[in-house]
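This is model02.cif (mmCIF, C-alpha atoms).
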data_protein
#
loop_
_atom_site.label_atom_id
_atom_site.label_comp_id
_atom_site.auth_asym_id
_atom_site.auth_seq_id
_atom_site.Cartn_x
_atom_site.Cartn_y
_atom_site.Cartn_z
CA MET Q 27 -49.91 115.53 186.85
CA LYS Q 28 -51.44 112.02 187.07
CA LYS Q 29 -51.46 111.77 183.26
CA ILE Q 30 -47.77 112.75 183.08
CA THR Q 31 -46.84 110.10 185.68
CA ILE Q 32 -48.70 107.39 183.78
CA LEU Q 33 -47.04 108.45 180.51
CA LEU Q 34 -43.57 108.25 182.11
CA MET Q 35 -44.28 104.76 183.42
CA VAL Q 36 -45.32 103.59 179.95
CA ILE Q 37 -42.16 105.04 178.39
CA LEU Q 38 -39.91 103.43 181.03
CA SER Q 39 -41.60 100.04 180.60
CA ALA Q 40 -41.11 100.17 176.85
CA ALA Q 41 -37.45 101.09 177.30
CA LEU Q 42 -36.87 98.18 179.69
CA LEU Q 43 -38.51 95.73 177.31
CA SER Q 44 -36.36 97.04 174.47
CA CYS Q 45 -33.15 96.55 176.50
CA ARG Q 46 -34.21 93.07 177.54
CA ASN Q 47 -34.76 92.09 173.93
CA LYS Q 48 -31.21 93.20 173.11
CA ILE Q 49 -29.53 91.05 175.80
CA THR Q 50 -27.43 88.20 174.39
CA PHE Q 51 -26.91 85.38 176.87
CA ALA Q 52 -23.63 83.45 177.09
CA GLU Q 53 -25.19 80.24 175.80
CA ASP Q 54 -26.52 82.12 172.77
CA ILE Q 55 -23.01 83.38 172.03
CA ASP Q 56 -21.59 79.84 172.29
CA THR Q 57 -24.33 78.44 170.06
CA ALA Q 58 -23.81 81.19 167.52
CA ALA Q 59 -20.05 80.54 167.53
CA ASP Q 60 -20.61 76.81 167.02
CA ASP Q 61 -23.05 77.51 164.20
CA ASN Q 62 -20.61 79.85 162.51
CA LEU Q 63 -17.78 77.32 162.84
CA TYR Q 64 -19.98 74.60 161.35
CA LYS Q 65 -21.03 76.83 158.45
CA ASP Q 66 -17.39 77.66 157.74
CA ASP Q 67 -16.11 74.11 158.15
CA ILE Q 68 -18.78 72.44 156.08
CA LYS Q 69 -17.84 74.51 153.02
CA TYR Q 70 -14.52 72.68 152.91
CA ALA Q 71 -15.66 69.24 154.07
CA LEU Q 72 -15.14 65.97 152.21
CA GLU Q 73 -17.29 62.87 152.33
CA ILE Q 74 -15.02 60.57 154.31
CA ASP Q 75 -15.65 57.46 152.22
CA LYS Q 76 -14.87 59.38 149.01
CA ALA Q 77 -11.55 60.76 150.21
CA ASN Q 78 -8.50 60.24 148.03
CA ALA Q 79 -5.13 61.91 147.67
CA GLN Q 80 -6.31 64.31 144.98
CA ASN Q 81 -9.46 65.65 146.60
CA MET Q 82 -7.80 65.85 150.04
CA GLU Q 83 -5.01 67.98 148.62
CA GLU Q 84 -7.55 70.19 146.87
CA ALA Q 85 -9.56 70.59 150.10
CA LEU Q 86 -6.45 71.42 152.13
CA ARG Q 87 -5.30 74.04 149.63
CA ARG Q 88 -8.76 75.59 149.44
CA TYR Q 89 -8.99 75.87 153.22
CA ALA Q 90 -5.48 77.31 153.51
CA ASP Q 91 -6.16 79.91 150.80
CA ASN Q 92 -9.03 81.28 152.89
CA HIS Q 93 -7.51 80.86 156.37
CA ASN Q 94 -4.13 82.59 156.23
CA GLY Q 95 -2.22 79.50 155.25
CA LYS Q 96 -3.63 77.22 157.97
CA TYR Q 97 -4.25 73.66 156.79
CA LYS Q 98 -7.30 71.79 158.01
CA LEU Q 99 -8.81 68.64 156.58
CA ILE Q 100 -12.49 68.31 157.45
CA PHE Q 101 -14.56 65.20 156.96
CA THR Q 102 -18.29 64.60 157.01
CA GLY Q 103 -20.74 61.81 156.20
CA THR Q 104 -20.91 58.23 157.44
CA SER Q 105 -17.75 56.15 157.62
CA THR Q 106 -18.19 52.60 156.29
CA LYS Q 107 -14.70 51.79 154.97
CA GLU Q 108 -12.20 49.44 156.55
CA TYR Q 109 -8.66 50.80 156.57
CA THR Q 110 -5.21 49.23 156.41
CA ILE Q 111 -1.75 50.78 156.62
CA TRP Q 112 -1.85 50.96 152.81
CA THR Q 113 -5.29 52.59 152.51
CA SER Q 114 -5.44 54.84 155.58
CA ILE Q 115 -6.08 58.56 155.40
CA THR Q 116 -2.52 59.34 156.46
CA GLN Q 117 -1.15 56.97 153.80
CA MET Q 118 -3.20 58.81 151.18
CA LEU Q 119 -1.79 62.08 152.48
CA GLU Q 120 1.69 60.74 151.76
CA ASN Q 121 0.66 60.66 148.10
CA THR Q 122 -0.04 64.39 147.95
CA SER Q 123 2.50 67.09 147.13
CA LEU Q 124 1.96 68.71 150.56
CA LYS Q 125 4.94 67.49 152.56
CA ASP Q 126 6.36 70.18 154.84
CA ILE Q 127 3.14 71.47 156.39
CA GLU Q 128 1.23 71.15 159.67
CA MET Q 129 -2.43 70.24 159.55
CA GLU Q 130 -5.47 69.53 161.65
CA ILE Q 131 -7.74 66.61 160.80
CA SER Q 132 -11.32 66.97 161.96
CA PHE Q 133 -13.72 64.04 162.26
CA LYS Q 134 -16.15 66.19 164.23
CA TYR Q 135 -18.96 65.89 161.67
CA VAL Q 136 -18.48 62.21 160.83
CA ASN Q 137 -20.89 59.48 161.85
CA PHE Q 138 -18.83 56.45 162.88
CA PRO Q 139 -20.83 53.21 163.22
CA ASN Q 140 -20.89 51.93 166.80
CA ASN Q 141 -19.24 55.22 167.79
CA LYS Q 142 -15.83 53.70 167.08
CA ILE Q 143 -12.83 55.36 165.47
CA PRO Q 144 -11.88 52.69 162.89
CA ASP Q 145 -8.75 50.57 163.10
CA TYR Q 146 -5.82 51.97 161.10
CA ILE Q 147 -7.60 55.17 160.02
CA LEU Q 148 -4.57 57.34 160.81
CA VAL Q 149 -1.77 54.78 160.58
CA ALA Q 150 0.37 54.75 157.45
CA ASN Q 151 3.09 52.52 156.09
CA ALA Q 152 5.12 55.74 155.91
CA ILE Q 153 5.38 57.83 159.09
CA ASN Q 154 3.22 60.92 158.68
CA LYS Q 155 4.72 64.04 160.24
CA THR Q 156 2.15 66.61 159.13
CA VAL Q 157 -0.81 65.86 161.43
CA VAL Q 158 -0.50 67.99 164.59
CA LYS Q 159 -4.13 68.05 165.74
CA VAL Q 160 -7.00 65.57 165.57
CA THR Q 161 -10.59 66.45 166.47
CA LEU Q 162 -12.95 63.60 167.35
CA PRO Q 163 -16.76 63.55 167.53
CA ASP Q 164 -18.23 64.02 171.01
CA THR Q 165 -20.04 60.67 170.75
CA ILE Q 166 -17.02 58.37 170.38
CA THR Q 167 -16.88 55.46 172.86
CA ASP Q 168 -14.11 53.38 171.29
CA ILE Q 169 -10.75 54.12 169.68
CA GLY Q 170 -9.82 51.17 167.48
CA GLU Q 171 -6.58 49.25 167.09
CA TYR Q 172 -3.76 51.27 165.54
CA ALA Q 173 -6.30 54.04 165.00
CA ILE Q 174 -3.93 56.96 165.56
CA TYR Q 175 -0.19 56.87 164.94
CA CYS Q 176 0.88 60.44 164.33
CA PRO Q 177 4.36 61.25 165.72
CA ALA Q 178 3.86 65.01 165.19
CA LEU Q 179 0.50 65.08 167.02
CA ARG Q 180 0.36 67.83 169.65
CA ASP Q 181 -3.35 68.20 170.34
CA ILE Q 182 -6.18 65.70 170.80
CA GLN Q 183 -9.14 65.99 173.15
CA LEU Q 184 -10.56 62.62 174.12
CA PRO Q 185 -14.37 62.83 174.37
CA SER Q 186 -16.13 62.46 177.73
CA SER Q 187 -18.02 59.46 176.29
CA LEU Q 188 -14.86 57.39 175.64
CA VAL Q 189 -14.94 53.89 177.18
CA THR Q 190 -12.16 51.96 175.42
CA ILE Q 191 -8.77 52.71 173.92
CA GLY Q 192 -7.92 49.64 171.86
CA ASN Q 193 -4.56 47.91 171.41
CA ARG Q 194 -2.09 50.46 170.03
CA GLY Q 195 -4.98 52.88 169.73
CA LEU Q 196 -2.97 56.04 170.34
CA ILE Q 197 0.60 54.98 169.79
CA GLY Q 198 3.89 56.67 169.04
CA CYS Q 199 2.64 60.25 169.46
CA ALA Q 200 6.01 61.48 170.69
CA ASN Q 201 5.10 65.18 170.51
CA LEU Q 202 1.89 64.80 172.50
CA LYS Q 203 2.84 66.64 175.70
CA ASN Q 204 -0.58 66.64 177.38
CA LEU Q 205 -3.29 63.99 177.49
CA LYS Q 206 -6.35 63.93 179.72
CA LEU Q 207 -8.09 60.59 180.08
CA PRO Q 208 -11.86 61.03 180.65
CA ASN Q 209 -13.70 59.65 183.69
CA SER Q 210 -15.82 57.50 181.37
CA LEU Q 211 -12.80 55.38 180.39
CA LYS Q 212 -12.87 51.72 181.48
CA SER Q 213 -10.35 49.83 179.36
CA ILE Q 214 -6.86 50.63 178.04
CA GLY Q 215 -5.50 48.00 175.65
CA GLN Q 216 -2.04 46.58 175.07
CA ASN Q 217 0.50 49.18 173.96
CA ALA Q 218 -2.48 51.54 173.80
CA ILE Q 219 -0.65 54.77 174.61
CA LYS Q 220 2.90 53.60 174.10
CA GLY Q 221 5.69 55.95 173.09
CA CYS Q 222 3.86 59.21 173.78
CA GLY Q 223 5.51 62.43 174.95
CA PHE Q 224 3.57 63.55 178.03
CA SER Q 225 5.35 63.94 181.37
CA SER Q 226 2.40 63.00 183.58
CA ILE Q 227 -0.75 60.95 183.25
CA GLU Q 228 -3.64 60.34 185.62
CA ILE Q 229 -5.58 57.16 184.95
CA PRO Q 230 -9.15 57.70 186.21
CA ASP Q 231 -10.59 55.40 188.85
CA SER Q 232 -13.18 54.24 186.30
CA VAL Q 233 -10.47 52.17 184.56
CA THR Q 234 -10.57 48.50 185.54
CA TYR Q 235 -8.34 47.02 182.83
CA ILE Q 236 -4.91 48.05 181.56
CA GLY Q 237 -3.13 45.94 178.94
CA LYS Q 238 0.50 44.92 178.58
CA ALA Q 239 2.97 47.77 178.00
CA ALA Q 240 0.13 50.29 177.82
CA PHE Q 241 2.44 53.18 178.77
CA GLY Q 242 5.78 51.69 177.73
CA ASP Q 243 8.49 53.81 176.11
CA CYS Q 244 6.98 57.06 177.37
CA GLU Q 245 10.42 58.56 177.81
CA SER Q 246 9.31 61.88 179.33
CA LEU Q 247 6.95 60.32 181.89
CA THR Q 248 7.75 61.45 185.45
CA TYR Q 249 4.39 60.83 187.14
CA ILE Q 250 1.65 58.24 186.72
CA LYS Q 251 -1.42 57.87 188.93
CA LEU Q 252 -2.96 54.39 188.89
CA PRO Q 253 -6.72 53.82 189.36
CA SER Q 254 -7.79 53.03 192.92
CA GLY Q 255 -9.71 49.87 191.96
CA LEU Q 256 -7.03 48.26 189.78
CA LYS Q 257 -6.44 44.57 190.62
CA GLU Q 258 -3.28 43.87 188.61
CA ILE Q 259 -0.31 45.89 187.44
CA PRO Q 260 0.06 44.59 183.87
CA GLU Q 261 3.21 43.18 182.38
CA SER Q 262 5.64 45.87 181.21
CA ILE Q 263 3.13 48.64 181.98
CA ILE Q 264 5.77 51.37 181.89
CA GLU Q 265 8.83 49.51 180.66
CA SER Q 266 11.62 51.71 179.31
CA SER Q 267 9.96 54.89 180.57
CA GLY Q 268 13.30 56.39 181.44
CA SER Q 269 12.29 59.47 183.42
CA LEU Q 270 10.00 57.89 186.03
CA THR Q 271 11.51 57.79 189.54
CA THR Q 272 8.66 56.44 191.69
CA ILE Q 273 5.13 55.06 191.76
CA THR Q 274 2.39 54.42 194.34
CA ILE Q 275 0.66 51.03 194.24
CA PRO Q 276 -3.06 51.24 195.15
CA ALA Q 277 -4.41 49.09 197.99
CA SER Q 278 -6.60 47.18 195.52
CA VAL Q 279 -3.64 45.66 193.67
CA THR Q 280 -3.01 41.97 194.40
CA ARG Q 281 -0.51 41.23 191.64
CA ILE Q 282 2.38 42.97 189.89
CA ASN Q 283 3.12 41.15 186.66
CA ASN Q 284 6.44 40.37 184.97
CA SER Q 285 8.73 43.22 183.92
CA ALA Q 286 6.24 45.85 185.06
CA PHE Q 287 8.95 48.49 185.54
CA TYR Q 288 11.60 46.91 183.36
CA TYR Q 289 14.48 49.19 182.42
CA CYS Q 290 13.05 52.33 183.96
CA ILE Q 291 16.58 53.62 184.46
CA LYS Q 292 15.70 56.32 187.02
CA PHE Q 293 13.18 54.29 189.02
CA GLU Q 294 14.43 54.54 192.63
CA SER Q 295 11.43 53.98 194.89
CA ILE Q 296 8.04 52.32 195.18
CA LYS Q 297 5.29 53.07 197.71
CA PHE Q 298 2.69 50.60 198.94
CA VAL Q 299 -0.64 51.39 200.57
CA ILE Q 300 -1.20 47.83 201.81
CA ASP Q 301 0.73 46.89 204.95
CA ASP Q 302 1.11 43.14 204.35
CA PRO Q 303 3.46 41.84 201.61
CA ASN Q 304 1.66 38.49 201.68
CA LYS Q 305 -1.37 40.16 200.08
CA ILE Q 306 0.48 40.81 196.84
CA THR Q 307 2.09 38.50 194.28
CA VAL Q 308 5.07 39.81 192.35
CA GLY Q 309 6.20 38.40 189.00
CA ASN Q 310 9.66 38.00 187.50
CA SER Q 311 12.06 40.78 186.50
CA VAL Q 312 9.70 43.46 187.80
CA PHE Q 313 12.59 45.78 188.71
CA SER Q 314 15.20 44.57 186.22
CA GLY Q 315 17.30 47.46 184.97
CA CYS Q 316 15.98 49.77 187.73
CA PRO Q 317 18.23 51.44 190.36
CA LEU Q 318 15.65 50.66 193.08
CA LYS Q 319 16.78 52.02 196.46
CA THR Q 320 13.71 52.34 198.67
CA ILE Q 321 10.45 50.54 199.41
CA TYR Q 322 7.95 52.70 201.32
CA VAL Q 323 5.42 50.81 203.44
CA PRO Q 324 2.76 51.93 205.96
CA LYS Q 325 3.87 52.28 209.56
CA SER Q 326 1.08 49.85 210.44
CA SER Q 327 3.03 47.05 208.72
CA THR Q 328 4.22 44.30 211.10
CA ALA Q 329 6.18 42.49 208.39
CA SER Q 330 9.95 42.55 208.62
CA ASP Q 331 12.13 44.37 206.12
CA ASN Q 332 13.23 41.04 204.69
CA ASP Q 333 9.63 39.94 204.30
CA TRP Q 334 9.09 42.92 202.01
CA ARG Q 335 12.35 42.34 200.14
CA ASN Q 336 11.57 38.68 199.61
CA ALA Q 337 8.06 39.43 198.39
CA LEU Q 338 9.41 41.89 195.83
CA HIS Q 339 12.43 39.77 194.87
CA VAL Q 340 14.98 42.47 195.71
CA GLY Q 341 18.22 42.38 197.65
CA LEU Q 342 19.58 43.81 200.89
CA GLU Q 343 20.76 46.95 199.09
CA VAL Q 344 17.12 48.11 198.96
CA SER Q 345 15.94 49.93 202.09
CA VAL Q 346 12.47 49.50 203.60
CA VAL Q 347 11.13 52.74 205.08
CA LYS Q 348 7.89 53.14 207.03
CA TYR Q 349 5.81 56.26 206.49
#
Could you write out this file's structure as structure tokens?
Amino acid sequence: MKKITILLMVILSAALLSCRNKITFAEDIDTAADDNLYKDDIKYALEIDKANAQNMEEALRRYADNHNGKYKLIFTGTSTKEYTIWTSITQMLENTSLKDIEMEISFKYVNFPNNKIPDYILVANAINKTVVKVTLPDTITDIGEYAIYCPALRDIQLPSSLVTIGNRGLIGCANLKNLKLPNSLKSIGQNAIKGCGFSSIEIPDSVTYIGKAAFGDCESLTYIKLPSGLKEIPESIIESSGSLTTITIPASVTRINNSAFYYCIKFESIKFVIDDPNKITVGNSVFSGCPLKTIYVPKSSTASDNDWRNALHVGLEVSVVKY
């Protein structure tokens, strides 16, 4: 009987070891999926510095032939070229015969010096309407000036390493309905995200600088959250953003610059966290073209209604309400 018991224990142990060896952990599945994607992508990849209209069209057609008609342009290698509106990737795409398509452009496998997406890389003299998705490397810290101007763009994930969006870095992407700014972000340049199609945007508290008209002409914008440490509201920050009705000004702000909310035609109220209007300087034409009706101030404020109106350069038709 003792021999039978020992034999059963050996068999059970072997069975358990066998099952354990067959377990696939979640991280292994993810790694395997990434490896498979890389192996598939790399078969169709182009050296970025060697890209031209002919080989990009060939690569797109080859990928589509093997992926049910989906177009994806994949780049690899090290990027050393400087681009202009006449030599950009999207300008070269205008010289292909592929006009009425939708495509993804992937820079995932590209090494960009200084971890910067180059100026003008996706900005063409002609407006490109084929690029609907852009994939960036995880290591990018800087998006250059006029780096991405793709009106048809619907999908872009900004990497968690991103620190700076340069002047006009992500401009005119009217079909971009969602954009998440990473907590690593510190600087947003002039006109950096102008003319995009999202309805709400939260600027992380890590951001300490926002340039002129950074979110101007965002016609669908109904909500914007400003960073808690911001010192100045820049000139024309959301000018002509015709759907915005209100905004909250963080306690850290000491100045609202000229034309900050110029011609926001539905802008009816503004809320302050500070309780003293003397702590904030307001520039010219801040509310020009706005149907401003109400200023919300903390109930702790001892300033008169006219003190608030005078500080903001608005008339008696604007109500001051304590909350």
Convert the output of the PyMOL selection byres ((chain Q and resi 324) around 8) on the shown file into explicit residues, formatted as an mmCIF file with C-alpha atoms, in the coordinates of the input.
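Output saved as selection.cif:
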data_model
loop_
_atom_site.group_PDB
_atom_site.id
_atom_site.type_symbol
_atom_site.label_atom_id
_atom_site.label_comp_id
_atom_site.auth_asym_id
_atom_site.auth_seq_id
_atom_site.Cartn_x
_atom_site.Cartn_y
_atom_site.Cartn_z
ATOM 1 C CA PHE Q 298 2.690 50.600 198.940
ATOM 2 C CA VAL Q 299 -0.640 51.390 200.570
ATOM 3 C CA ILE Q 300 -1.200 47.830 201.810
ATOM 4 C CA ASP Q 301 0.730 46.890 204.950
ATOM 5 C CA TYR Q 322 7.950 52.700 201.320
ATOM 6 C CA VAL Q 323 5.420 50.810 203.440
ATOM 7 C CA LYS Q 325 3.870 52.280 209.560
ATOM 8 C CA SER Q 326 1.080 49.850 210.440
ATOM 9 C CA SER Q 327 3.030 47.050 208.720
ATOM 10 C CA LYS Q 348 7.890 53.140 207.030
ATOM 11 C CA TYR Q 349 5.810 56.260 206.490
#
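Once the PyMOL selection byres ((chain Q and resi 192) around 8) is applied to this file, the selection holds Q:Asp168, Q:Ile169, Q:Gly170, Q:Glu171, Q:Tyr172, Q:Thr190, Q:Ile191, Q:Asn193, Q:Arg194, Q:Gly195, Q:Ser213, Q:Ile214, Q:Gly215, Q:Gln216, Q:Ala218.
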Exercise for the section: Evaluate the PyMOL selection byres ((chain Q and resi 122) around 9) here and jot the selected residues down as a PyMOL selection string. Expected result: chain Q and resi 79-80+82-83+118-121+123-125
Exercise for the section: Would you list the residues near (-4.0, 62.5, 159.6) (no more than 7 Å away, in the coordinates of the file, using only C-alpha atoms) as a VMD selection string? Expected result: chain Q and resid 115 to 116 131 148 157
Those same residues, written as a compact mmCIF listing (two decimals), keeping the file's coordinate frame with C-alpha atoms?
# COMPACT_ATOMS: atom_id res chain seq x y z
CA ILE Q 115 -6.08 58.56 155.40
CA THR Q 116 -2.52 59.34 156.46
CA ILE Q 131 -7.74 66.61 160.80
CA LEU Q 148 -4.57 57.34 160.81
CA VAL Q 157 -0.81 65.86 161.43
Handout entry: Closest of Q:Asn92, Q:Thr165, Q:Asn137, Q:Asn283 to Glu265 of chain Q - atom-to-atom distances counting all atoms listed in the file
Key =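 Closest to Glu265 of chain Q, using all atoms listed in the file: Q:Asn283.
If you look at atom CA of Ile68 of chain Q and atom CA of Leu86 of chain Q, they are 13.0 Å away from each other.
By chain and then residue number, the residues within 10 Å of Lys96 of chain Q are Leu86, Arg87, Tyr89, Ala90, Asp91, Ile127, Glu128, Met129 and Glu130 of chain Q, counting only C-alpha atoms and disregarding those fewer than 5 positions away in sequence.
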Mind writing the picked residues with C-alpha atoms as a PDB file, in the frame of the given file?
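Result went into result-v7.pdb, see below:
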ATOM      1  CA  LEU Q  86      -6.450  71.420 152.130  1.00  0.00           C
ATOM      2  CA  ARG Q  87      -5.300  74.040 149.630  1.00  0.00           C
ATOM      3  CA  TYR Q  89      -8.990  75.870 153.220  1.00  0.00           C
ATOM      4  CA  ALA Q  90      -5.480  77.310 153.510  1.00  0.00           C
ATOM      5  CA  ASP Q  91      -6.160  79.910 150.800  1.00  0.00           C
ATOM      6  CA  ILE Q 127       3.140  71.470 156.390  1.00  0.00           C
ATOM      7  CA  GLU Q 128       1.230  71.150 159.670  1.00  0.00           C
ATOM      8  CA  MET Q 129      -2.430  70.240 159.550  1.00  0.00           C
ATOM      9  CA  GLU Q 130      -5.470  69.530 161.650  1.00  0.00           C
TER      10      GLU Q 130
END
Problem - Between atom CA of Pro317 of chain Q and atom CA of Tyr249 of chain Q - distance in Å to one decimal - result: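 Here the two named atoms are 17.0 Å from each other.
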To test the calculation: enclose all listed atoms of segment 214-220 of chain Q in a box whose edges run along x, y and z, add 8 Å on each side, then state centre and edge lengths in Å to one decimal, as AutoDock Vina command-line options.
--center_x -2.0 --center_y 50.7 --center_z 175.9 --size_x 25.8 --size_y 24.2 --size_z 20.2
Problem - Within 12 Å of file point (-8.0, 53.3, 157.1), counting all atoms listed in the file, expressed as a PyMOL selection string - result: chain Q and resi 74-75+77-78+105-119+143-151+170-175
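Rounded to one decimal, atom CA of Asp66 of chain Q and atom CA of Leu179 of chain Q lie 23.8 Å from each other.
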Problem - Residue neighbourhood segment 198-206 of chain Q, 8 Å, all atoms listed in the file, exclusion window fewer than 2 positions, as a list of chain:residue names - result: Q:Tyr175, Q:Cys176, Q:Pro177, Q:Ala178, Q:Leu179, Q:Arg180, Q:Asp181, Q:Ile182, Q:Gln183, Q:Leu184, Q:Leu196, Q:Pro208, Q:Ile219, Q:Lys220, Q:Gly221, Q:Cys222, Q:Gly223, Q:Phe224, Q:Ser225, Q:Ser226, Q:Ile227, Q:Glu228
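The residue set within 6 Å of Ala71 of chain Q, counting all atoms listed in the file and dropping same-chain residues fewer than 2 places from it, reads Ile68, Lys69, Ile100 and Phe101 of chain Q.
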Handout entry: Residues within 7 Å of segment 330-338 of chain Q, all atoms listed in the file, excluding chain neighbours under 5 positions, as a PyMOL selection string
Key = chain Q and resi 303+308+346
Write the residues of the preceding selection, restricted to C-alpha atoms, as a compact mmCIF listing (two decimals), in the frame of the given file.
# COMPACT_ATOMS: atom_id res chain seq x y z
CA PRO Q 303 3.46 41.84 201.61
CA VAL Q 308 5.07 39.81 192.35
CA VAL Q 346 12.47 49.50 203.60
